[in-house]
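Here is upload_25.txt, consisting of compact mmCIF, C-alpha atoms and all ligand atoms:
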```txt
# COMPACT_ATOMS: atom_id res chain seq x y z
CA MET A 1 -66.55 179.27 33.35
CA ILE A 2 -65.94 175.92 35.06
CA ARG A 3 -65.48 173.05 32.67
CA PHE A 4 -64.90 169.36 33.33
CA GLU A 5 -63.48 167.38 30.42
CA GLN A 6 -63.57 163.61 30.79
CA VAL A 7 -62.48 163.84 34.40
CA THR A 8 -61.84 160.67 36.37
CA LYS A 9 -60.64 160.40 39.95
CA ARG A 10 -59.40 157.12 41.29
CA TYR A 11 -58.14 157.16 44.88
CA PRO A 12 -55.01 155.14 45.72
CA ASP A 13 -57.12 152.39 47.33
CA GLY A 14 -58.81 151.80 43.97
CA THR A 15 -62.08 153.66 44.68
CA THR A 16 -63.32 155.38 41.54
CA ALA A 17 -64.98 158.46 43.01
CA VAL A 18 -65.62 160.23 39.68
CA ASP A 19 -65.79 158.47 36.35
CA GLY A 20 -65.35 160.24 33.00
CA LEU A 21 -67.20 163.39 33.98
CA SER A 22 -67.85 166.14 31.40
CA PHE A 23 -69.97 169.20 32.06
CA GLU A 24 -69.82 172.94 32.21
CA VAL A 25 -71.03 175.66 34.56
CA ALA A 26 -71.65 178.85 32.58
CA GLU A 27 -70.55 182.24 33.84
CA GLY A 28 -72.98 183.48 36.48
CA GLU A 29 -74.75 180.14 36.65
CA LEU A 30 -75.42 178.12 39.80
CA VAL A 31 -75.27 174.36 39.38
CA THR A 32 -76.17 172.16 42.33
CA LEU A 33 -74.61 168.72 42.61
CA VAL A 34 -77.04 166.45 44.37
CA GLY A 35 -76.99 162.76 45.12
CA PRO A 36 -76.63 160.18 47.84
CA SER A 37 -73.64 159.98 50.16
CA GLY A 38 -70.40 158.80 48.61
CA CYS A 39 -71.34 159.36 44.96
CA GLY A 40 -68.46 161.76 44.25
CA LYS A 41 -69.93 165.25 44.69
CA THR A 42 -67.28 166.57 47.06
CA THR A 43 -64.49 164.99 45.03
CA THR A 44 -65.85 166.78 41.93
CA MET A 45 -65.84 170.09 43.73
CA MET A 46 -62.39 169.68 45.25
CA MET A 47 -60.87 169.11 41.83
CA VAL A 48 -61.81 172.70 40.96
CA ASN A 49 -59.59 174.26 43.63
CA ARG A 50 -57.03 171.45 43.48
CA LEU A 51 -57.64 170.03 46.91
CA VAL A 52 -57.94 166.81 44.90
CA GLU A 53 -56.08 166.15 41.63
CA PRO A 54 -57.83 164.26 38.82
CA THR A 55 -56.38 160.91 37.74
CA SER A 56 -57.18 161.84 34.15
CA GLY A 57 -59.02 164.55 32.28
CA ARG A 58 -58.94 168.33 32.69
CA VAL A 59 -60.69 170.90 34.85
CA LEU A 60 -60.77 174.45 33.47
CA VAL A 61 -61.63 177.64 35.32
CA GLY A 62 -62.16 180.70 33.14
CA GLY A 63 -60.65 178.75 30.24
CA GLU A 64 -57.44 177.85 32.08
CA ASP A 65 -56.50 174.30 32.98
CA VAL A 66 -56.17 174.40 36.78
CA ALA A 67 -53.37 171.80 36.62
CA GLY A 68 -51.10 174.55 35.29
CA LEU A 69 -51.99 177.08 37.99
CA ASP A 70 -50.37 177.62 41.36
CA PRO A 71 -52.81 176.00 43.85
CA VAL A 72 -52.49 178.73 46.47
CA ARG A 73 -53.10 181.50 43.96
CA LEU A 74 -55.93 179.52 42.43
CA ARG A 75 -57.65 179.11 45.81
CA ARG A 76 -57.53 182.83 46.39
CA ARG A 77 -59.52 183.27 43.19
CA ILE A 78 -62.14 180.82 44.34
CA GLY A 79 -64.47 181.28 47.31
CA TYR A 80 -64.93 178.07 49.29
CA VAL A 81 -67.70 177.48 51.81
CA ILE A 82 -67.89 174.24 53.75
CA GLN A 83 -70.31 172.86 56.28
CA GLN A 84 -67.97 173.01 59.26
CA VAL A 85 -67.40 176.64 58.50
CA GLY A 86 -63.80 176.51 59.70
CA LEU A 87 -63.58 180.01 61.17
CA PHE A 88 -60.43 180.87 63.12
CA PRO A 89 -61.55 180.75 66.76
CA HIS A 90 -59.10 183.36 68.03
CA ARG A 91 -59.89 185.94 65.39
CA THR A 92 -62.86 188.26 65.43
CA VAL A 93 -65.66 187.83 62.93
CA LEU A 94 -64.44 190.90 61.05
CA ASP A 95 -60.88 189.59 60.81
CA ASN A 96 -62.12 186.14 59.81
CA THR A 97 -64.11 187.73 57.01
CA ALA A 98 -61.10 189.77 55.89
CA THR A 99 -58.84 186.69 55.69
CA VAL A 100 -58.50 186.37 51.93
CA PRO A 101 -58.22 190.10 51.12
CA ALA A 102 -55.47 190.25 53.78
CA LEU A 103 -53.68 187.28 52.17
CA LEU A 104 -53.97 189.04 48.83
CA GLY A 105 -52.08 191.95 50.34
CA TRP A 106 -54.90 194.46 50.57
CA LYS A 107 -54.27 197.36 52.97
CA ARG A 108 -55.75 196.53 56.39
CA ALA A 109 -58.30 199.37 56.31
CA ARG A 110 -59.53 198.37 52.86
CA ALA A 111 -59.74 194.68 53.79
CA ARG A 112 -61.72 195.48 56.93
CA ALA A 113 -64.05 197.89 55.13
CA ARG A 114 -64.70 195.19 52.55
CA ALA A 115 -65.32 192.63 55.32
CA ALA A 116 -67.84 194.96 56.98
CA GLU A 117 -69.64 195.41 53.66
CA LEU A 118 -69.86 191.65 53.18
CA LEU A 119 -71.12 191.02 56.73
CA ASP A 120 -73.84 193.52 56.01
CA LEU A 121 -74.66 191.72 52.78
CA VAL A 122 -75.19 188.41 54.58
CA GLY A 123 -77.43 190.08 57.16
CA LEU A 124 -75.01 190.55 60.05
CA ASP A 125 -74.60 194.08 61.39
CA PRO A 126 -70.82 194.60 61.29
CA LYS A 127 -70.89 196.87 64.35
CA THR A 128 -72.60 194.22 66.47
CA TYR A 129 -71.04 191.07 65.09
CA GLY A 130 -67.70 192.23 63.69
CA PRO A 131 -65.94 192.40 67.06
CA ARG A 132 -67.32 189.05 68.28
CA TYR A 133 -65.50 185.73 68.23
CA PRO A 134 -66.96 182.74 66.38
CA ARG A 135 -67.96 180.99 69.62
CA GLN A 136 -70.24 183.96 70.39
CA LEU A 137 -72.37 183.29 67.30
CA SER A 138 -75.22 180.89 66.58
CA GLY A 139 -74.73 178.12 64.03
CA GLY A 140 -76.67 180.04 61.39
CA GLN A 141 -74.66 183.20 62.01
CA ARG A 142 -71.41 181.25 61.70
CA GLN A 143 -72.55 179.93 58.34
CA ARG A 144 -73.30 183.46 57.18
CA VAL A 145 -69.79 184.51 58.16
CA GLY A 146 -68.52 181.56 56.13
CA VAL A 147 -70.37 182.88 53.07
CA ALA A 148 -69.19 186.47 53.70
CA ARG A 149 -65.62 185.27 54.02
CA ALA A 150 -65.81 183.32 50.79
CA LEU A 151 -67.09 186.39 48.94
CA ALA A 152 -64.75 188.94 50.51
CA ALA A 153 -62.09 188.96 47.80
CA ASP A 154 -64.75 189.04 45.08
CA PRO A 155 -63.82 185.62 43.65
CA GLU A 156 -64.82 184.59 40.14
CA VAL A 157 -66.12 181.29 41.36
CA LEU A 158 -67.79 180.08 44.53
CA LEU A 159 -67.63 176.47 45.68
CA MET A 160 -70.11 175.54 48.38
CA ASP A 161 -70.12 172.14 50.05
CA GLU A 162 -73.30 171.60 52.07
CA PRO A 163 -73.11 175.27 53.08
CA PHE A 164 -76.40 175.24 54.96
CA GLY A 165 -76.16 171.68 56.23
CA ALA A 166 -75.30 172.25 59.87
CA VAL A 167 -78.41 174.19 60.90
CA ASP A 168 -82.02 173.30 61.66
CA PRO A 169 -84.57 173.30 58.80
CA VAL A 170 -86.06 176.71 59.64
CA VAL A 171 -82.72 178.51 59.76
CA ARG A 172 -81.69 176.58 56.70
CA GLU A 173 -84.60 177.94 54.72
CA GLN A 174 -83.81 181.46 55.93
CA LEU A 175 -80.20 181.10 54.86
CA GLN A 176 -81.29 179.80 51.47
CA ASP A 177 -83.60 182.80 51.04
CA GLU A 178 -80.85 185.20 51.99
CA PHE A 179 -78.45 183.46 49.70
CA LEU A 180 -80.89 183.78 46.78
CA ARG A 181 -81.36 187.48 47.49
CA MET A 182 -77.64 187.97 47.77
CA ARG A 183 -77.02 186.12 44.55
CA ALA A 184 -79.37 188.43 42.69
CA ALA A 185 -77.08 191.26 43.82
CA VAL A 186 -73.72 189.53 43.34
CA ARG A 187 -73.83 187.18 40.40
CA LYS A 188 -71.15 184.51 40.75
CA THR A 189 -70.48 181.24 39.07
CA VAL A 190 -71.38 178.72 41.75
CA LEU A 191 -71.01 174.99 42.22
CA LEU A 192 -72.99 173.87 45.25
CA VAL A 193 -73.01 170.37 46.74
CA THR A 194 -76.00 169.13 48.67
CA HIS A 195 -77.62 165.79 49.39
CA ASP A 196 -80.98 167.52 49.77
CA ILE A 197 -83.07 167.53 46.59
CA GLU A 198 -85.30 170.34 47.90
CA GLU A 199 -82.27 172.55 48.38
CA ALA A 200 -80.89 171.60 44.97
CA VAL A 201 -84.18 172.49 43.29
CA ARG A 202 -84.58 175.71 45.21
CA LEU A 203 -81.11 177.11 44.58
CA GLY A 204 -79.96 175.67 41.28
CA ASP A 205 -80.30 177.19 37.82
CA ARG A 206 -79.54 173.62 36.84
CA ILE A 207 -79.11 170.55 38.97
CA ALA A 208 -76.77 167.63 38.37
CA VAL A 209 -78.14 164.41 39.82
CA TYR A 210 -75.27 162.09 40.69
CA GLY A 211 -75.30 158.35 40.55
CA ARG A 212 -72.12 156.51 41.48
CA GLY A 213 -69.29 158.69 40.14
CA ARG A 214 -71.34 160.03 37.21
CA ILE A 215 -74.02 162.53 36.41
CA GLU A 216 -77.29 160.80 35.63
CA GLN A 217 -79.04 164.00 34.58
CA LEU A 218 -78.05 167.65 34.32
CA ASP A 219 -80.91 170.00 33.62
CA THR A 220 -83.16 172.70 35.01
CA PRO A 221 -85.03 171.79 38.21
CA GLY A 222 -88.29 171.78 36.28
CA ALA A 223 -86.95 169.36 33.69
CA VAL A 224 -85.39 167.01 36.23
CA LEU A 225 -88.63 166.89 38.23
CA GLY A 226 -90.85 166.79 35.16
CA SER A 227 -88.94 164.38 32.97
CA PRO A 228 -86.43 162.34 34.99
CA ALA A 229 -83.94 160.84 32.54
CA THR A 230 -83.66 157.48 34.27
CA SER A 231 -85.55 155.44 36.84
CA TYR A 232 -82.67 156.14 39.23
CA VAL A 233 -83.30 159.90 38.93
CA ALA A 234 -87.06 159.42 39.27
CA GLU A 235 -86.52 157.50 42.48
CA PHE A 236 -84.00 159.98 43.81
CA VAL A 237 -86.18 163.05 43.25
CA GLY A 238 -89.06 161.27 44.98
CA ALA A 239 -92.59 160.15 44.33
CA ASP A 240 -93.78 163.67 45.23
CA ARG A 241 -91.85 165.27 42.39
CA GLY A 242 -95.15 166.58 40.99
CA LEU A 243 -95.58 168.58 44.18
CA LYS A 244 -91.98 169.79 44.07
CA ARG A 245 -92.62 171.07 40.56
CA LEU A 246 -95.18 173.46 41.96
CA SER A 247 -92.35 175.45 43.50
CA VAL A 248 -90.35 175.79 40.29
CA THR A 249 -93.19 176.56 37.86
CA ALA A 250 -94.33 180.18 37.66
CA VAL A 251 -97.85 181.52 37.07
CA GLU A 252 -97.93 183.06 33.59
CA ARG A 253 -100.55 185.29 32.00
CA GLY A 254 -101.39 182.57 29.49
CA ASP A 255 -102.49 180.31 32.36
CA LEU A 256 -105.26 182.61 33.47
CA GLU A 257 -108.99 182.55 32.97
CA GLN A 258 -110.88 185.76 32.30
CA PRO A 259 -114.13 185.68 34.27
CA PRO A 260 -116.65 188.50 33.76
CA VAL A 261 -115.67 191.68 35.55
CA ALA A 262 -118.01 194.06 37.37
CA ARG A 263 -117.22 197.52 38.74
CA LEU A 264 -117.95 198.53 42.31
CA ASP A 265 -120.14 201.48 41.25
CA GLU A 266 -122.00 199.61 38.54
CA PRO A 267 -125.78 198.96 38.88
CA ALA A 268 -126.39 195.35 39.98
CA GLY A 269 -128.96 194.78 37.21
CA ARG A 270 -126.53 195.66 34.47
CA ALA A 271 -123.84 193.38 35.89
CA ALA A 272 -126.39 190.55 36.25
CA GLY A 273 -127.38 190.95 32.59
CA ARG A 274 -123.77 190.59 31.52
CA LEU A 275 -123.22 187.51 33.66
CA ARG A 276 -126.31 185.85 32.20
CA ALA A 277 -125.22 186.69 28.68
CA GLU A 278 -121.84 185.05 29.33
CA GLY A 279 -123.38 182.09 31.16
CA ALA A 280 -121.32 182.89 34.28
CA ARG A 281 -122.36 182.48 37.93
CA TRP A 282 -120.04 185.08 39.39
CA ALA A 283 -117.85 188.03 38.47
CA VAL A 284 -114.65 189.51 39.76
CA VAL A 285 -115.25 192.99 41.21
CA LEU A 286 -112.76 195.77 40.58
CA ASP A 287 -112.72 199.31 41.96
CA ALA A 288 -112.69 202.46 39.87
CA ALA A 289 -108.90 202.25 39.47
CA GLY A 290 -109.15 198.69 38.13
CA ASP A 291 -107.71 197.18 41.32
CA LEU A 292 -109.08 193.97 42.81
CA HIS A 293 -111.89 194.39 45.33
CA GLY A 294 -113.50 190.92 45.46
CA TRP A 295 -116.30 189.01 43.80
CA VAL A 296 -120.07 188.94 43.46
CA GLY A 297 -122.46 186.05 42.74
CA LEU A 298 -125.25 186.18 40.12
CA ASP A 299 -127.91 185.30 42.73
CA ALA A 300 -126.86 188.15 45.03
CA LEU A 301 -127.15 190.65 42.17
CA ALA A 302 -130.92 190.05 42.10
CA ALA A 303 -131.22 192.23 45.24
CA GLY A 304 -130.50 195.34 43.13
CA GLY A 305 -128.58 198.46 44.11
CA SER A 306 -124.95 198.76 43.15
CA VAL A 307 -122.43 195.98 42.79
CA GLY A 308 -120.47 197.55 45.67
CA ASP A 309 -123.36 196.86 48.10
CA LEU A 310 -123.40 193.17 47.22
CA ALA A 311 -119.74 192.30 46.59
CA HIS A 312 -117.58 190.24 48.92
CA ARG A 313 -114.02 191.32 49.67
CA MET A 314 -111.50 188.81 48.46
CA ASN A 315 -107.85 188.80 49.35
CA ALA A 316 -106.85 185.62 47.59
CA TRP A 317 -104.28 186.85 45.10
CA VAL A 318 -100.71 186.28 43.95
CA PRO A 319 -98.45 188.33 41.68
CA VAL A 320 -97.74 187.26 38.09
CA GLY A 321 -94.63 185.09 38.12
CA ALA A 322 -95.28 183.66 41.60
CA PRO A 323 -94.67 179.92 41.91
CA LEU A 324 -97.73 177.73 41.41
CA LYS A 325 -97.12 176.45 44.92
CA GLN A 326 -97.81 179.90 46.33
CA ALA A 327 -101.00 180.20 44.28
CA PHE A 328 -102.16 176.79 45.46
CA GLY A 329 -101.37 177.73 49.07
CA VAL A 330 -103.44 180.92 48.80
CA MET A 331 -106.32 178.96 47.27
CA LEU A 332 -106.31 176.53 50.19
CA GLN A 333 -105.87 179.27 52.79
CA HIS A 334 -108.96 181.12 51.52
CA ASP A 335 -110.83 177.92 50.73
CA ALA A 336 -111.42 179.44 47.28
CA GLY A 337 -111.97 177.90 43.86
CA TRP A 338 -109.76 180.55 42.26
CA VAL A 339 -107.05 183.00 43.04
CA ALA A 340 -106.68 186.41 41.41
CA VAL A 341 -103.41 187.16 39.67
CA LEU A 342 -102.18 190.73 39.82
CA ASP A 343 -99.46 192.72 38.13
CA GLY A 344 -98.72 195.35 40.75
CA ALA A 345 -102.28 196.22 41.82
CA ARG A 346 -103.71 195.53 38.33
CA PHE A 347 -105.97 192.53 37.89
CA CYS A 348 -104.78 190.14 35.13
CA GLY A 349 -107.14 187.20 35.48
CA VAL A 350 -107.77 184.24 37.77
CA LEU A 351 -106.05 180.93 38.25
CA THR A 352 -108.39 178.00 38.84
CA PRO A 353 -107.45 174.47 39.92
CA ALA A 354 -107.96 173.26 36.34
CA LYS A 355 -105.68 175.99 34.98
CA LEU A 356 -103.13 175.24 37.66
CA HIS A 357 -103.05 171.65 36.53
CA GLU A 358 -102.70 172.79 32.91
CA ALA A 359 -99.80 175.07 33.85
CA LEU A 360 -98.07 172.15 35.50
CA ARG A 361 -98.62 170.08 32.35
CA ARG A 362 -97.33 172.91 30.17
CA SER A 363 -94.05 172.94 32.02
CA VAL A 364 -93.69 169.17 31.61
CA ASP A 365 -94.27 169.53 27.86
CA ALA A 366 -91.82 172.45 27.63
CA ASP A 367 -89.20 170.46 29.50
CA ALA A 368 -89.75 167.45 27.30
CA LEU A 369 -88.95 169.69 24.34
CA GLY A 370 -85.80 170.82 26.10
CA VAL A 371 -86.95 174.42 26.54
CA PRO A 372 -84.68 175.92 29.20
CA ARG A 373 -85.82 178.02 32.14
CA GLY A 374 -84.25 180.97 30.41
CA GLN A 375 -81.49 182.35 32.59
CA VAL A 376 -78.10 181.58 31.12
CA GLY A 377 -76.85 179.93 27.98
CA PHE A 378 -77.17 176.30 28.86
CA ASP A 379 -74.41 174.36 27.22
CA SER A 380 -75.65 171.01 28.33
CA VAL A 381 -73.71 167.94 29.30
CA ALA A 382 -71.20 166.66 26.86
CA ASP A 383 -71.28 163.48 28.91
CA ALA A 384 -70.15 160.60 26.73
N1 LIG A 401 -59.11 160.23 50.21
C1 LIG A 401 -59.89 159.21 49.81
N2 LIG A 401 -59.38 157.98 49.66
C2 LIG A 401 -60.14 156.95 49.23
N3 LIG A 401 -61.44 157.08 48.91
C3 LIG A 401 -62.00 158.28 49.05
C4 LIG A 401 -61.27 159.42 49.51
N4 LIG A 401 -62.11 160.48 49.54
C5 LIG A 401 -63.29 160.03 49.13
N5 LIG A 401 -63.25 158.72 48.82
C6 LIG A 401 -64.34 157.87 48.32
O1 LIG A 401 -64.77 158.40 47.09
C7 LIG A 401 -66.18 158.27 46.97
C8 LIG A 401 -66.78 159.64 46.71
O2 LIG A 401 -66.60 160.45 47.86
P1 LIG A 401 -67.12 161.94 47.95
O3 LIG A 401 -66.70 162.51 49.25
O4 LIG A 401 -66.73 162.67 46.72
O5 LIG A 401 -68.68 161.70 47.92
P2 LIG A 401 -69.89 162.69 48.22
O6 LIG A 401 -70.86 162.44 47.17
O7 LIG A 401 -69.39 164.06 48.42
O8 LIG A 401 -70.43 162.10 49.59
P3 LIG A 401 -71.08 162.86 50.87
O9 LIG A 401 -72.42 163.37 50.44
O10 LIG A 401 -71.19 161.75 51.87
O11 LIG A 401 -70.12 163.93 51.27
C9 LIG A 401 -66.64 157.62 48.24
O12 LIG A 401 -66.80 156.25 48.01
C10 LIG A 401 -65.54 157.89 49.22
O13 LIG A 401 -65.47 156.88 50.19
```
When written as structure tokens, how does the structure in this file appear?
Amino acid sequence: MIRFEQVTKRYPDGTTAVDGLSFEVAEGELVTLVGPSGCGKTTTMMMVNRLVEPTSGRVLVGGEDVAGLDPVRLRRRIGYVIQQVGLFPHRTVLDNTATVPALLGWKRARARARAAELLDLVGLDPKTYGPRYPRQLSGGQRQRVGVARALAADPEVLLMDEPFGAVDPVVREQLQDEFLRMRAAVRKTVLLVTHDIEEAVRLGDRIAVYGRGRIEQLDTPGAVLGSPATSYVAEFVGADRGLKRLSVTAVERGDLEQPPVARLDEPAGRAAGRLRAEGARWAVVLDAAGDLHGWVGLDALAAGGSVGDLAHRMNAWVPVGAPLKQAFGVMLQHDAGWVAVLDGARFCGVLTPAKLHEALRRSVDADALGVPRGQVGFDSVADA
């Protein structure tokens, strides 16, 4: 969808901002460009909508070389979100959002209806916020309007340059969450620049780690964190990359242990016999419907009666597919040696610290083999 072929940009003063860059962003894919200040991320992005022209090489959008396209028309096909949102101060939020549809010649009513729909999508009630002026919004709300405006004409491609950079960390995380939700609904091809590795990992299907003017590694977040290609990348992603991996590795059924299971209405003696036979010290307790209730220890079962009289409630659980980080958090919160993993209300097994570690290892091994995270067809870097 977006393709860079041997692209170099040398500014007139001799600075080589981008040096022989080749990579591709597949349709519907989000690639984050991350790296230190001045390494050429913004220059890369601006060559897509022709705010900067390459010195050599080609940039293609939807298979067309942008050099042959009218820049103004091209920009109307491409949503562009920048940090200093750049809203028109004397236009209402609704009119700001309707800017590109209006430029494209949409009828006013249609453009405004579309703008209202987009404001709603980014979490701003169009009735409340539509009539306001940009100065009457918070920083986070202004950024949302920036995103709504970029999406209003339903562009094929979205370019985002530090789109959540100007707000405090809490709002930033909220905006990222909203953006991820929105993206699930409106799948666009996105190139997003950030200098924040956490943001890159959180949002990107793949992340491109920039060194000076070149991509040092382009891969899934898990692979970049798990198997940095160079010492530069390892240093850039940080010594805590193992921890960061917890957020991009999901709990899978194969990671789970299957402890003995007892039913709430089962006689304690029978459950105790089963535990002894399996050499286990405790069992997970399920109710009649097979939903998680809690756990019971072998020693407690000696008191007799039913399992239900002796079981402890346990709320430490996560859904299948949750990030390992969430599972680890729940384990710590409940001070538990395991966390139950559920599919809907159904019990699937438990994740223990040892299994968690194994799961983390598994994803390193998978990444080392080049197994992708499985979203889009990853045509990897053709970087010479
Ligand atoms: N118009 C220009 N003329 C000369 N040099 C420029 C120009 N624009 C950018 N540069 C230089 O090109 C290099 C890459 O700049 P660019 O803005 O692409 O980096 P970046 O990675 O986006 O940085 P940041 O994270 O700070 O925005 C820098 O050394 C910068 O100083």
### Message
Taking (-83.4, 172.1, 38.1) in the coordinates of the supplied file, I want to know which residues reach to within 12 Å of it, counting all atoms listed in the file; could you give the answer as a ChimeraX atom specification?
### Response
/A:29-34,197-209,217-228,237,241,244-245,247-249,367,372-375,378
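When atom CA of A:Asp154 is paired with atom P2 of ligand LIG 401 (chain A), their separation reads 27.0 Å.
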### Query
Quick one: residues within 8 Å of ligand LIG 401 (chain A), with only C-alpha atoms and all ligand atoms, as an MDAnalysis selection string?
chainID A and resid 10:18 34:44 193:195 210 213
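With distances taken over all atoms listed in the file, A:Val145 is the one residue among A:Val350, A:Val284, A:Pro319, A:Val145 lying closest to A:Leu121.
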### Message
Residues within 9 Å of A:Asn96, please, as a PyMOL selection string. Count all atoms listed in the file; anything in the same chain fewer than 3 positions from it doesn't count.
### Response
chain A and resi 87-89+91-93+99-100+115+134+145-146+149
Export of the given selection (C-alpha atoms) as a short mmCIF file (atom, residue, chain, number, x, y, z; two decimals), in the frame of the given file:
```cif
data_model
loop_
_atom_site.label_atom_id
_atom_site.label_comp_id
_atom_site.auth_asym_id
_atom_site.auth_seq_id
_atom_site.Cartn_x
_atom_site.Cartn_y
_atom_site.Cartn_z
CA LEU A 87 -63.58 180.01 61.17
CA PHE A 88 -60.43 180.87 63.12
CA PRO A 89 -61.55 180.75 66.76
CA ARG A 91 -59.89 185.94 65.39
CA THR A 92 -62.86 188.26 65.43
CA VAL A 93 -65.66 187.83 62.93
CA THR A 99 -58.84 186.69 55.69
CA VAL A 100 -58.50 186.37 51.93
CA ALA A 115 -65.32 192.63 55.32
CA PRO A 134 -66.96 182.74 66.38
CA VAL A 145 -69.79 184.51 58.16
CA GLY A 146 -68.52 181.56 56.13
CA ARG A 149 -65.62 185.27 54.02
#
```
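Distance check against A:Leu191 using all atoms listed in the file: of A:Leu243, A:Ala289, A:Ala271, A:Met47, the minimum falls on A:Met47.
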Step by step, gather every atom of stretch 142-146 of chain A that the file lists, find the box along x, y and z that holds them, add 8 Å on each side, and finally give centre and edge lengths in Å to one decimal, as lines of an AutoDock Vina configuration file.
```
center_x = -70.9
center_y = 182.2
center_z = 58.9
size_x = 20.8
size_y = 20.6
size_z = 21.6
```
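Of note, atom CA of A:Ala336 and atom CA of A:Ala283 are spaced 13.9 Å apart.
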### Task
Work out how far apart atom CA of A:Val307 and atom CA of A:Ala268 are and give it in Å to one decimal.
4.9 Å
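Using all atoms listed in the file, the nearest neighbour of A:Ala316 within the list A:Ala67, A:Ala303, A:Gln6, A:Gly337 is A:Gly337.
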### Point (-112.0, 179.1, 47.4) neighbourhood (12 Å, only C-alpha atoms) written as a list in words
Trp295, Met314, Asn315, Ala316, Trp317, Ala327, Phe328, Gly329, Val330, Met331, Leu332, Gln333, His334, Asp335, Ala336, Gly337, Trp338, Val339, Ala340, Val350, Leu351, Thr352 and Pro353 of chain A
Output file for the selection above: C-alpha atoms, as a CSV table (one decimal), keeping the file's coordinate frame:
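Once written, part-v8.csv looks like this:
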```
chain,number,residue,atom,x,y,z
A,295,TRP,CA,-116.3,189.0,43.8
A,314,MET,CA,-111.5,188.8,48.5
A,315,ASN,CA,-107.8,188.8,49.4
A,316,ALA,CA,-106.8,185.6,47.6
A,317,TRP,CA,-104.3,186.8,45.1
A,327,ALA,CA,-101.0,180.2,44.3
A,328,PHE,CA,-102.2,176.8,45.5
A,329,GLY,CA,-101.4,177.7,49.1
A,330,VAL,CA,-103.4,180.9,48.8
A,331,MET,CA,-106.3,179.0,47.3
A,332,LEU,CA,-106.3,176.5,50.2
A,333,GLN,CA,-105.9,179.3,52.8
A,334,HIS,CA,-109.0,181.1,51.5
A,335,ASP,CA,-110.8,177.9,50.7
A,336,ALA,CA,-111.4,179.4,47.3
A,337,GLY,CA,-112.0,177.9,43.9
A,338,TRP,CA,-109.8,180.6,42.3
A,339,VAL,CA,-107.0,183.0,43.0
A,340,ALA,CA,-106.7,186.4,41.4
A,350,VAL,CA,-107.8,184.2,37.8
A,351,LEU,CA,-106.0,180.9,38.2
A,352,THR,CA,-108.4,178.0,38.8
A,353,PRO,CA,-107.4,174.5,39.9
```
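Remark: for A:Val251, the closest of the candidate residues A:Leu292, A:Leu94, A:Ala152, A:Ala359 is A:Ala359 (distances computed over all atoms listed in the file).
Among the candidates A:Ile215, A:Ile2, A:Arg132, A:Glu156, the one nearest to A:His90 when counting only C-alpha atoms is A:Arg132.
Closest approach to A:Gly140 from the set A:Arg172, A:Arg108, A:Arg281, A:His357 is made by A:Arg172, with distances taken over only C-alpha atoms.
Residues within 10 Å of A:Met1, counting all atoms listed in the file and excluding same-chain residues fewer than 6 positions away, are Glu24, Val25, Ala26, Glu27, Gly28, Glu29, Leu60, Val61, Gly62, Gly63, Glu64, Glu156, Val157, Thr189 and Val190 of chain A.
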